[in-house]
file start24.cif (mmCIF, C-alpha atoms and all ligand atoms)
data_protein
loop_
_atom_site.label_atom_id
_atom_site.label_comp_id
_atom_site.auth_asym_id
_atom_site.auth_seq_id
_atom_site.Cartn_x
_atom_site.Cartn_y
_atom_site.Cartn_z
CA MET A 1115 0.00 0.00 0.00
CA SER A 1116 1.25 3.47 -0.80
CA ASN A 1117 2.05 5.88 2.02
CA VAL A 1118 0.49 9.31 2.58
CA LEU A 1119 3.34 11.14 0.88
CA ASP A 1120 2.86 9.03 -2.27
CA GLN A 1121 -0.87 9.79 -2.20
CA ILE A 1122 -0.28 13.52 -1.76
CA VAL A 1123 2.15 13.57 -4.67
CA ALA A 1124 -0.32 11.67 -6.88
CA THR A 1125 -3.05 14.21 -6.02
CA LYS A 1126 -0.62 17.07 -6.61
CA LYS A 1127 0.25 15.83 -10.11
CA GLU A 1128 -3.43 15.90 -10.96
CA GLU A 1129 -3.87 19.40 -9.45
CA VAL A 1130 -0.88 20.75 -11.37
CA ARG A 1131 -2.23 19.33 -14.60
CA LYS A 1132 -5.58 21.07 -14.03
CA GLY A 1133 -3.97 24.29 -12.79
CA GLN A 1134 -1.75 24.53 -15.85
CA ALA A 1135 -4.81 24.27 -18.08
CA ILE A 1136 -6.47 27.20 -16.28
CA HIS A 1137 -3.45 29.42 -15.64
CA GLN A 1138 -1.15 29.45 -18.64
CA LEU A 1139 2.42 30.61 -18.02
CA ASN A 1140 1.63 34.03 -19.55
CA ASP A 1141 -1.10 34.57 -17.01
CA LEU A 1142 1.29 33.64 -14.18
CA LEU A 1143 4.00 35.91 -15.56
CA GLU A 1144 1.58 38.83 -15.49
CA ARG A 1145 0.56 38.13 -11.91
CA MET A 1146 4.22 37.69 -10.91
CA ALA A 1147 5.08 41.06 -12.44
CA ALA A 1148 2.34 42.67 -10.32
CA GLN A 1149 3.97 41.40 -7.09
CA SER A 1150 6.55 43.42 -5.23
CA ALA A 1151 10.03 41.87 -4.91
CA PRO A 1152 10.44 38.89 -2.55
CA ARG A 1153 11.06 39.80 1.09
CA GLY A 1154 14.25 38.06 2.17
CA PHE A 1155 13.10 34.97 4.04
CA HIS A 1156 16.51 33.49 4.77
CA GLN A 1157 17.88 36.97 5.38
CA ALA A 1158 15.28 37.65 8.11
CA ILE A 1159 16.37 34.44 9.87
CA ARG A 1160 20.06 35.26 9.51
CA GLN A 1161 19.51 38.69 11.06
CA ARG A 1162 17.99 37.16 14.18
CA LEU A 1163 20.72 34.57 14.48
CA HIS A 1164 23.46 37.16 14.01
CA ALA A 1165 21.87 39.21 16.78
CA GLY A 1166 22.24 36.16 19.04
CA GLN A 1167 18.49 35.45 19.01
CA SER A 1168 16.43 32.45 17.97
CA ALA A 1169 14.20 32.57 14.89
CA VAL A 1170 10.68 31.17 14.66
CA ILE A 1171 8.87 30.32 11.44
CA ALA A 1172 5.27 30.23 12.65
CA GLU A 1173 2.84 28.13 10.65
CA VAL A 1174 -0.71 28.99 9.60
CA LYS A 1175 -2.22 25.49 9.61
CA LYS A 1176 -5.82 24.39 9.90
CA ALA A 1177 -5.50 20.62 9.67
CA SER A 1178 -3.12 17.79 8.83
CA PRO A 1179 -3.43 14.15 7.75
CA SER A 1180 -1.98 13.00 11.07
CA LYS A 1181 -4.01 15.23 13.43
CA GLY A 1182 -7.22 16.00 11.51
CA ILE A 1183 -8.70 19.44 12.21
CA ILE A 1184 -6.31 21.33 14.49
CA ARG A 1185 -8.15 24.66 14.56
CA ALA A 1186 -11.84 24.78 13.65
CA ASP A 1187 -12.17 28.54 14.08
CA PHE A 1188 -9.63 29.40 11.39
CA ASP A 1189 -8.97 32.97 10.22
CA PRO A 1190 -5.58 33.10 8.43
CA VAL A 1191 -5.29 36.90 8.57
CA GLN A 1192 -6.05 37.08 12.27
CA ILE A 1193 -3.57 34.27 12.95
CA ALA A 1194 -0.86 35.95 10.86
CA ARG A 1195 -1.34 39.28 12.65
CA SER A 1196 -1.18 37.52 15.99
CA TYR A 1197 2.09 35.81 14.98
CA GLN A 1198 3.57 39.13 13.88
CA GLN A 1199 2.54 40.62 17.21
CA GLY A 1200 4.19 37.64 18.97
CA ASP A 1201 7.49 38.42 17.21
CA ALA A 1202 7.61 35.60 14.66
CA THR A 1203 10.55 35.94 12.26
CA CYS A 1204 8.76 34.49 9.23
CA LEU A 1205 5.48 32.71 8.50
CA SER A 1206 4.67 29.42 6.81
CA VAL A 1207 1.27 29.21 5.11
CA LEU A 1208 -0.12 25.83 4.08
CA THR A 1209 -1.84 26.01 0.71
CA ASP A 1210 -2.55 22.31 0.10
CA ALA A 1211 -6.34 21.97 0.17
CA GLN A 1212 -7.02 18.27 0.11
CA TYR A 1213 -4.79 17.03 2.95
CA PHE A 1214 -4.15 20.16 5.05
CA LYS A 1215 -7.32 22.21 4.42
CA GLY A 1216 -5.19 25.08 3.21
CA HIS A 1217 -5.88 27.38 0.26
CA ASN A 1218 -3.91 29.51 -2.19
CA SER A 1219 -6.01 32.51 -1.17
CA TYR A 1220 -4.74 32.20 2.43
CA LEU A 1221 -1.25 33.03 1.21
CA GLN A 1222 -2.52 36.04 -0.76
CA GLN A 1223 -4.56 37.31 2.20
CA VAL A 1224 -1.67 36.92 4.61
CA ARG A 1225 0.69 38.63 2.18
CA GLU A 1226 -1.60 41.69 2.19
CA ALA A 1227 -2.01 41.71 5.95
CA VAL A 1228 1.53 41.39 7.35
CA SER A 1229 5.06 42.41 6.40
CA LEU A 1230 6.82 39.18 7.45
CA PRO A 1231 8.47 36.98 4.78
CA LEU A 1232 6.28 34.02 3.77
CA LEU A 1233 6.97 30.38 2.99
CA ARG A 1234 4.46 28.69 0.73
CA LYS A 1235 4.05 25.32 2.41
CA ASP A 1236 2.97 22.85 -0.24
CA PHE A 1237 4.28 19.90 -2.22
CA MET A 1238 6.32 21.22 -5.13
CA ILE A 1239 6.83 18.77 -7.98
CA ASP A 1240 6.77 21.01 -11.07
CA PRO A 1241 8.44 24.35 -11.94
CA TRP A 1242 4.97 25.69 -12.80
CA GLN A 1243 4.17 25.63 -9.07
CA ILE A 1244 7.26 27.72 -8.32
CA HIS A 1245 5.98 30.40 -10.68
CA GLU A 1246 2.53 30.07 -9.17
CA SER A 1247 4.03 30.53 -5.68
CA ARG A 1248 5.63 33.82 -6.72
CA ALA A 1249 2.38 34.94 -8.36
CA LEU A 1250 0.63 34.27 -5.02
CA GLY A 1251 3.22 36.40 -3.19
CA ALA A 1252 5.49 33.72 -1.66
CA ASP A 1253 9.05 34.66 -0.66
CA CYS A 1254 10.25 31.09 -0.10
CA VAL A 1255 9.20 27.63 -1.26
CA LEU A 1256 9.56 24.23 0.37
CA LEU A 1257 11.31 21.41 -1.48
CA ILE A 1258 10.81 18.02 0.17
CA VAL A 1259 13.74 15.78 -0.73
CA ALA A 1260 11.73 12.60 0.03
CA CYS A 1261 9.41 13.16 -2.92
CA LEU A 1262 11.83 14.56 -5.53
CA SER A 1263 14.61 13.13 -7.71
CA ASP A 1264 18.02 14.82 -7.81
CA GLY A 1265 17.08 16.18 -11.24
CA GLN A 1266 13.82 17.67 -9.92
CA LEU A 1267 15.59 19.19 -6.92
CA ALA A 1268 18.06 20.93 -9.23
CA GLU A 1269 15.35 22.09 -11.62
CA LEU A 1270 12.97 23.41 -8.91
CA PHE A 1271 15.83 25.03 -6.98
CA ALA A 1272 16.98 26.84 -10.12
CA ALA A 1273 13.42 28.02 -10.87
CA ALA A 1274 13.06 29.50 -7.36
CA THR A 1275 16.48 31.14 -7.50
CA GLU A 1276 15.70 32.68 -10.86
CA LEU A 1277 12.63 34.31 -9.28
CA GLN A 1278 14.75 35.48 -6.32
CA MET A 1279 12.87 33.29 -3.87
CA ASP A 1280 14.56 31.36 -1.10
CA VAL A 1281 14.28 27.59 -0.77
CA LEU A 1282 13.75 25.64 2.43
CA MET A 1283 15.00 22.16 1.63
CA GLU A 1284 13.46 19.52 3.86
CA VAL A 1285 15.03 16.21 4.87
CA HIS A 1286 14.19 13.45 7.30
CA ASP A 1287 17.12 11.00 7.20
CA ALA A 1288 20.86 10.87 6.50
CA GLU A 1289 20.48 9.83 2.88
CA GLU A 1290 18.13 12.74 2.16
CA MET A 1291 20.48 15.08 4.01
CA GLN A 1292 23.35 13.98 1.81
CA ARG A 1293 21.27 14.66 -1.29
CA ALA A 1294 20.30 18.10 0.05
CA LEU A 1295 23.96 18.91 0.70
CA ASN A 1296 24.76 18.03 -2.91
CA THR A 1297 22.51 20.93 -4.02
CA PRO A 1298 23.25 24.66 -3.54
CA ALA A 1299 20.70 24.80 -0.65
CA THR A 1300 21.79 26.87 2.36
CA LEU A 1301 18.51 26.74 4.31
CA ILE A 1302 17.92 23.17 5.40
CA GLY A 1303 14.97 21.90 7.42
CA ILE A 1304 15.12 18.70 9.40
CA ASN A 1305 11.58 17.41 9.66
CA ASN A 1306 11.23 15.60 12.97
CA ARG A 1307 8.08 14.00 11.56
CA ASN A 1308 8.35 11.13 9.11
CA LEU A 1309 5.82 12.07 6.40
CA LYS A 1310 5.30 8.38 5.56
CA THR A 1311 4.55 7.09 9.07
CA PHE A 1312 3.95 10.34 11.05
CA ASP A 1313 6.38 9.18 13.76
CA THR A 1314 7.77 12.33 15.34
CA SER A 1315 10.96 12.64 17.40
CA LEU A 1316 13.23 15.61 18.05
CA GLN A 1317 16.12 13.15 18.08
CA THR A 1318 15.93 13.25 14.29
CA SER A 1319 17.31 16.79 14.53
CA GLU A 1320 20.08 15.63 16.85
CA GLN A 1321 21.05 12.74 14.58
CA LEU A 1322 21.27 14.81 11.41
CA CYS A 1323 22.47 18.24 12.51
CA THR A 1324 26.15 17.31 12.66
CA MET A 1325 26.17 16.59 8.92
CA VAL A 1326 25.50 20.23 8.08
CA PRO A 1327 28.36 22.68 7.41
CA GLU A 1328 28.58 25.95 9.39
CA ASP A 1329 27.53 28.19 6.51
CA CYS A 1330 24.09 26.55 6.24
CA THR A 1331 21.12 27.60 8.35
CA LEU A 1332 19.41 24.67 10.02
CA VAL A 1333 15.71 24.62 10.86
CA SER A 1334 14.17 22.05 13.18
CA GLU A 1335 10.61 21.31 12.00
CA SER A 1336 7.58 19.69 13.66
CA GLY A 1337 6.75 18.31 17.08
CA ILE A 1338 8.03 21.32 19.05
CA HIS A 1339 5.64 22.14 21.92
CA VAL A 1340 7.27 23.31 25.15
CA SER A 1341 10.29 25.33 26.29
CA ALA A 1342 12.09 22.09 27.18
CA ASP A 1343 11.98 21.24 23.45
CA ILE A 1344 13.54 24.61 22.60
CA ASN A 1345 16.22 24.11 25.25
CA TYR A 1346 17.00 20.65 23.87
CA LEU A 1347 17.37 22.00 20.33
CA GLN A 1348 19.45 24.97 21.49
CA GLY A 1349 21.67 22.47 23.29
CA ILE A 1350 22.48 20.77 19.98
CA GLY A 1351 23.07 24.13 18.29
CA ILE A 1352 19.77 24.61 16.42
CA ASN A 1353 18.25 28.08 16.82
CA THR A 1354 15.58 28.20 14.10
CA TYR A 1355 12.25 26.43 14.55
CA LEU A 1356 9.22 25.74 12.38
CA ILE A 1357 6.19 25.37 14.62
CA GLY A 1358 2.49 24.99 13.81
CA GLU A 1359 0.23 22.79 15.87
CA SER A 1360 1.20 23.89 19.36
CA PHE A 1361 0.48 27.54 18.45
CA MET A 1362 -2.69 26.80 16.51
CA ARG A 1363 -4.29 25.06 19.47
CA HIS A 1364 -4.30 28.35 21.41
CA SER A 1365 -6.85 31.10 20.84
CA ASP A 1366 -4.04 33.66 20.61
CA PRO A 1367 -1.25 31.85 18.70
CA GLY A 1368 1.16 34.81 18.81
CA GLN A 1369 0.92 35.02 22.57
CA GLN A 1370 1.70 31.32 22.77
CA LEU A 1371 4.74 31.91 20.55
CA HIS A 1372 5.92 34.63 22.91
CA LYS A 1373 5.37 32.40 25.94
CA LEU A 1374 7.23 29.48 24.37
CA MET A 1375 10.24 31.58 23.44
CA SER A 1376 10.38 33.25 26.85
CA GLY A 1377 10.32 29.95 28.71
CA GLN A 1378 6.80 30.31 30.11
CA VAL A 1379 5.30 27.07 28.81
O1 LIG B 1 2.53 21.36 13.50
P1 LIG B 1 3.96 21.05 13.85
O2 LIG B 1 4.15 19.69 14.43
O3 LIG B 1 4.53 22.14 14.73
O4 LIG B 1 4.80 21.07 12.47
C1 LIG B 1 4.90 22.21 11.66
C2 LIG B 1 5.58 21.84 10.31
O5 LIG B 1 6.88 21.44 10.58
C3 LIG B 1 4.82 20.75 9.58
O6 LIG B 1 3.54 21.24 9.29
C4 LIG B 1 5.50 20.30 8.30
C5 LIG B 1 6.84 20.12 8.11
N1 LIG B 1 7.11 19.71 6.86
C6 LIG B 1 5.95 19.61 6.18
C7 LIG B 1 5.71 19.28 4.85
C8 LIG B 1 4.42 19.30 4.41
C9 LIG B 1 3.36 19.63 5.24
C10 LIG B 1 3.59 19.98 6.59
C11 LIG B 1 4.88 19.97 7.06
#
call {"tool": "encode", "arguments": {"input": "start24.cif", "output": "structure tokens"}}
result
Amino acid sequence: MSNVLDQIVATKKEEVRKGQAIHQLNDLLERMAAQSAPRGFHQAIRQRLHAGQSAVIAEVKKASPSKGIIRADFDPVQIARSYQQGDATCLSVLTDAQYFKGHNSYLQQVREAVSLPLLRKDFMIDPWQIHESRALGADCVLLIVACLSDGQLAELFAAATELQMDVLMEVHDAEEMQRALNTPATLIGINNRNLKTFDTSLQTSEQLCTMVPEDCTLVSESGIHVSADINYLQGIGINTYLIGESFMRHSDPGQQLHKLMSGQV
């Protein structure tokens, strides 16, 4: 039986095929031209780290295949404003509709409402989606090594770079990390959650972080809930975190972010 990641990719291929029929490249190019230049996503993180601070990429996430509905009362703009208020460094906005109950319009709405750099969190398999991401206002795209060939990684990375967007390259094991390190990626996310089984352990970050050279920025992703988790990750030298669920379960997600980073939860 195929795993969830395989299913998502199969659905995505179908979506891309339909999307390409509706939005020809010319149409996307026009919408891209109407966007202002990308806000430096990686740069915003670097600035925090250079100032001796931690950086949080706060995620706007309604649901997931592993947890079902996480936040029923879901207003992406309100959540984004709250995160900005809570001193998030960047935001991640899920746009996958079928598995995460996200929407492309959430990214557009959030882009209008806040000044923070935005990651489009979706499953990129085709350069057309990279153009679409820019047309929607994304500053950074996610490339998940587990569902891409080396050739696709190179092609999608080049497409993002050409549009001056940053790339967060996501890995979950040593083999994927090695493949990521063979690309020009300098922003590397270690997903503590296995997207095929949903098993989540922060030890994944500990096991893989030593493989990464100093000049790369490492992000620990998923399963981060309490200050003890932050302390653990800081102890192994990781100071950038991608966090969704534990913020989304609170009525004021930005306040929860502030509490987490100031050791109050
Ligand atoms: O909600 P969490 O456990 O804090 O995790 C956030 C983020 O890391 C997670 O949503 C994620 C990481 N990589 C992904 C790839 C696709 C979809 C979702 C994800």
call {"tool": "residues_near_ligand", "arguments": {"input": "start24.cif", "ligand": "ligand LIG 1 (chain B)", "cutoff": "10 Å", "atoms": "all atoms listed in the file", "output": "MDAnalysis selection string"}}
result
chainID A and resid 1119 1122 1171:1181 1184 1206:1210 1213:1214 1235:1238 1256:1258 1282:1286 1303:1309 1312 1314 1333:1339 1355:1363
call {"tool": "residues_around", "arguments": {"input": "start24.cif", "residues": "Leu1332 of chain A", "least_positions_apart": "4", "cutoff": "7 Å", "atoms": "all atoms listed in the file", "output": "JSON, numbers by chain"}}
result
{"A": [1301, 1302, 1303, 1352, 1354]}
call {"tool": "residues_around", "arguments": {"input": "start24.cif", "residues": "segment 1128-1145 of chain A", "least_positions_apart": "6", "cutoff": "8 Å", "atoms": "all atoms listed in the file", "output": "PyMOL selection string"}}
result
chain A and resi 1240+1242-1243+1245-1246+1249-1250
call {"tool": "residues_near_point", "arguments": {"input": "start24.cif", "point": "(4.4, 26.9, 24.9)", "cutoff": "6 Å", "atoms": "only C-alpha atoms", "output": "VMD selection string"}}
result
chain A and resid 1339 to 1340 1370 1373 to 1374 1379
call {"tool": "closest_residue", "arguments": {"input": "start24.cif", "among": "A:Ser1219, A:Ser1376, A:Thr1297, A:Ser1229", "to": "Cys1204 of chain A", "atoms": "all atoms listed in the file"}}
result
A:Ser1229
call {"tool": "atom_distance", "arguments": {"input": "start24.cif", "atom1": "atom CA of Ile1193 of chain A", "atom2": "atom CA of Leu1232 of chain A"}}
result
13.5 Å
call {"tool": "atom_distance", "arguments": {"input": "start24.cif", "atom1": "atom CA of Gly1216 of chain A", "atom2": "atom CA of Leu1230 of chain A"}}
result
19.0 Å
call {"tool": "atom_distance", "arguments": {"input": "start24.cif", "atom1": "atom CA of Gln1149 of chain A", "atom2": "atom CA of Gly1251 of chain A"}}
result
6.4 Å
call {"tool": "build_atoms", "arguments": {"input": "start24.cif", "residues": "segment 1179-1208 of chain A", "atoms": "N, CA and C atoms", "output": "compact mmCIF listing (two decimals), in the coordinates of the input"}}
result
# COMPACT_ATOMS: atom_id res chain seq x y z
N PRO A 1179 -2.99 15.54 7.86
CA PRO A 1179 -3.43 14.15 7.75
C PRO A 1179 -3.23 13.37 9.05
N SER A 1180 -2.23 13.76 9.84
CA SER A 1180 -1.98 13.00 11.07
C SER A 1180 -2.86 13.45 12.23
N LYS A 1181 -3.25 14.73 12.27
CA LYS A 1181 -4.01 15.23 13.43
C LYS A 1181 -5.46 15.59 13.12
N GLY A 1182 -5.86 15.55 11.86
CA GLY A 1182 -7.22 16.00 11.51
C GLY A 1182 -7.31 17.51 11.69
N ILE A 1183 -8.53 17.99 12.02
CA ILE A 1183 -8.70 19.44 12.21
C ILE A 1183 -7.97 19.86 13.49
N ILE A 1184 -7.07 20.83 13.34
CA ILE A 1184 -6.31 21.33 14.49
C ILE A 1184 -6.98 22.59 15.05
N ARG A 1185 -7.51 23.41 14.14
CA ARG A 1185 -8.15 24.66 14.56
C ARG A 1185 -9.42 24.87 13.73
N ALA A 1186 -10.57 24.68 14.37
CA ALA A 1186 -11.84 24.78 13.65
C ALA A 1186 -12.13 26.24 13.30
N ASP A 1187 -11.90 27.12 14.27
CA ASP A 1187 -12.17 28.54 14.08
C ASP A 1187 -10.93 29.17 13.43
N PHE A 1188 -10.87 29.13 12.10
CA PHE A 1188 -9.63 29.40 11.39
C PHE A 1188 -9.73 30.67 10.56
N ASP A 1189 -9.00 31.70 10.96
CA ASP A 1189 -8.97 32.97 10.22
C ASP A 1189 -7.49 33.29 9.94
N PRO A 1190 -7.02 32.98 8.71
CA PRO A 1190 -5.58 33.10 8.43
C PRO A 1190 -5.01 34.49 8.69
N VAL A 1191 -5.79 35.53 8.39
CA VAL A 1191 -5.29 36.90 8.57
C VAL A 1191 -5.13 37.22 10.05
N GLN A 1192 -6.12 36.84 10.82
CA GLN A 1192 -6.05 37.08 12.27
C GLN A 1192 -4.87 36.32 12.88
N ILE A 1193 -4.68 35.09 12.43
CA ILE A 1193 -3.57 34.27 12.95
C ILE A 1193 -2.23 34.91 12.58
N ALA A 1194 -2.12 35.35 11.32
CA ALA A 1194 -0.86 35.95 10.86
C ALA A 1194 -0.54 37.22 11.64
N ARG A 1195 -1.56 38.04 11.88
CA ARG A 1195 -1.34 39.28 12.65
C ARG A 1195 -0.91 38.96 14.07
N SER A 1196 -1.53 37.94 14.63
CA SER A 1196 -1.18 37.52 15.99
C SER A 1196 0.28 37.05 16.05
N TYR A 1197 0.70 36.29 15.04
CA TYR A 1197 2.09 35.81 14.98
C TYR A 1197 3.06 36.99 14.87
N GLN A 1198 2.69 37.97 14.05
CA GLN A 1198 3.57 39.13 13.88
C GLN A 1198 3.71 39.87 15.21
N GLN A 1199 2.61 40.02 15.88
CA GLN A 1199 2.54 40.62 17.21
C GLN A 1199 3.42 39.85 18.20
N GLY A 1200 3.43 38.52 18.07
CA GLY A 1200 4.19 37.64 18.97
C GLY A 1200 5.65 37.53 18.61
N ASP A 1201 6.08 38.33 17.61
CA ASP A 1201 7.49 38.42 17.21
C ASP A 1201 8.01 37.22 16.42
N ALA A 1202 7.14 36.63 15.60
CA ALA A 1202 7.61 35.60 14.66
C ALA A 1202 8.61 36.24 13.70
N THR A 1203 9.56 35.43 13.22
CA THR A 1203 10.55 35.94 12.26
C THR A 1203 9.99 35.86 10.84
N CYS A 1204 9.34 34.75 10.55
CA CYS A 1204 8.76 34.49 9.23
C CYS A 1204 7.49 33.68 9.46
N LEU A 1205 6.67 33.56 8.42
CA LEU A 1205 5.48 32.71 8.50
C LEU A 1205 5.52 31.62 7.44
N SER A 1206 4.86 30.51 7.76
CA SER A 1206 4.67 29.42 6.81
C SER A 1206 3.16 29.29 6.62
N VAL A 1207 2.71 29.32 5.36
CA VAL A 1207 1.27 29.21 5.11
C VAL A 1207 1.00 27.97 4.27
N LEU A 1208 0.22 27.05 4.82
CA LEU A 1208 -0.12 25.83 4.08
C LEU A 1208 -1.15 26.15 3.02
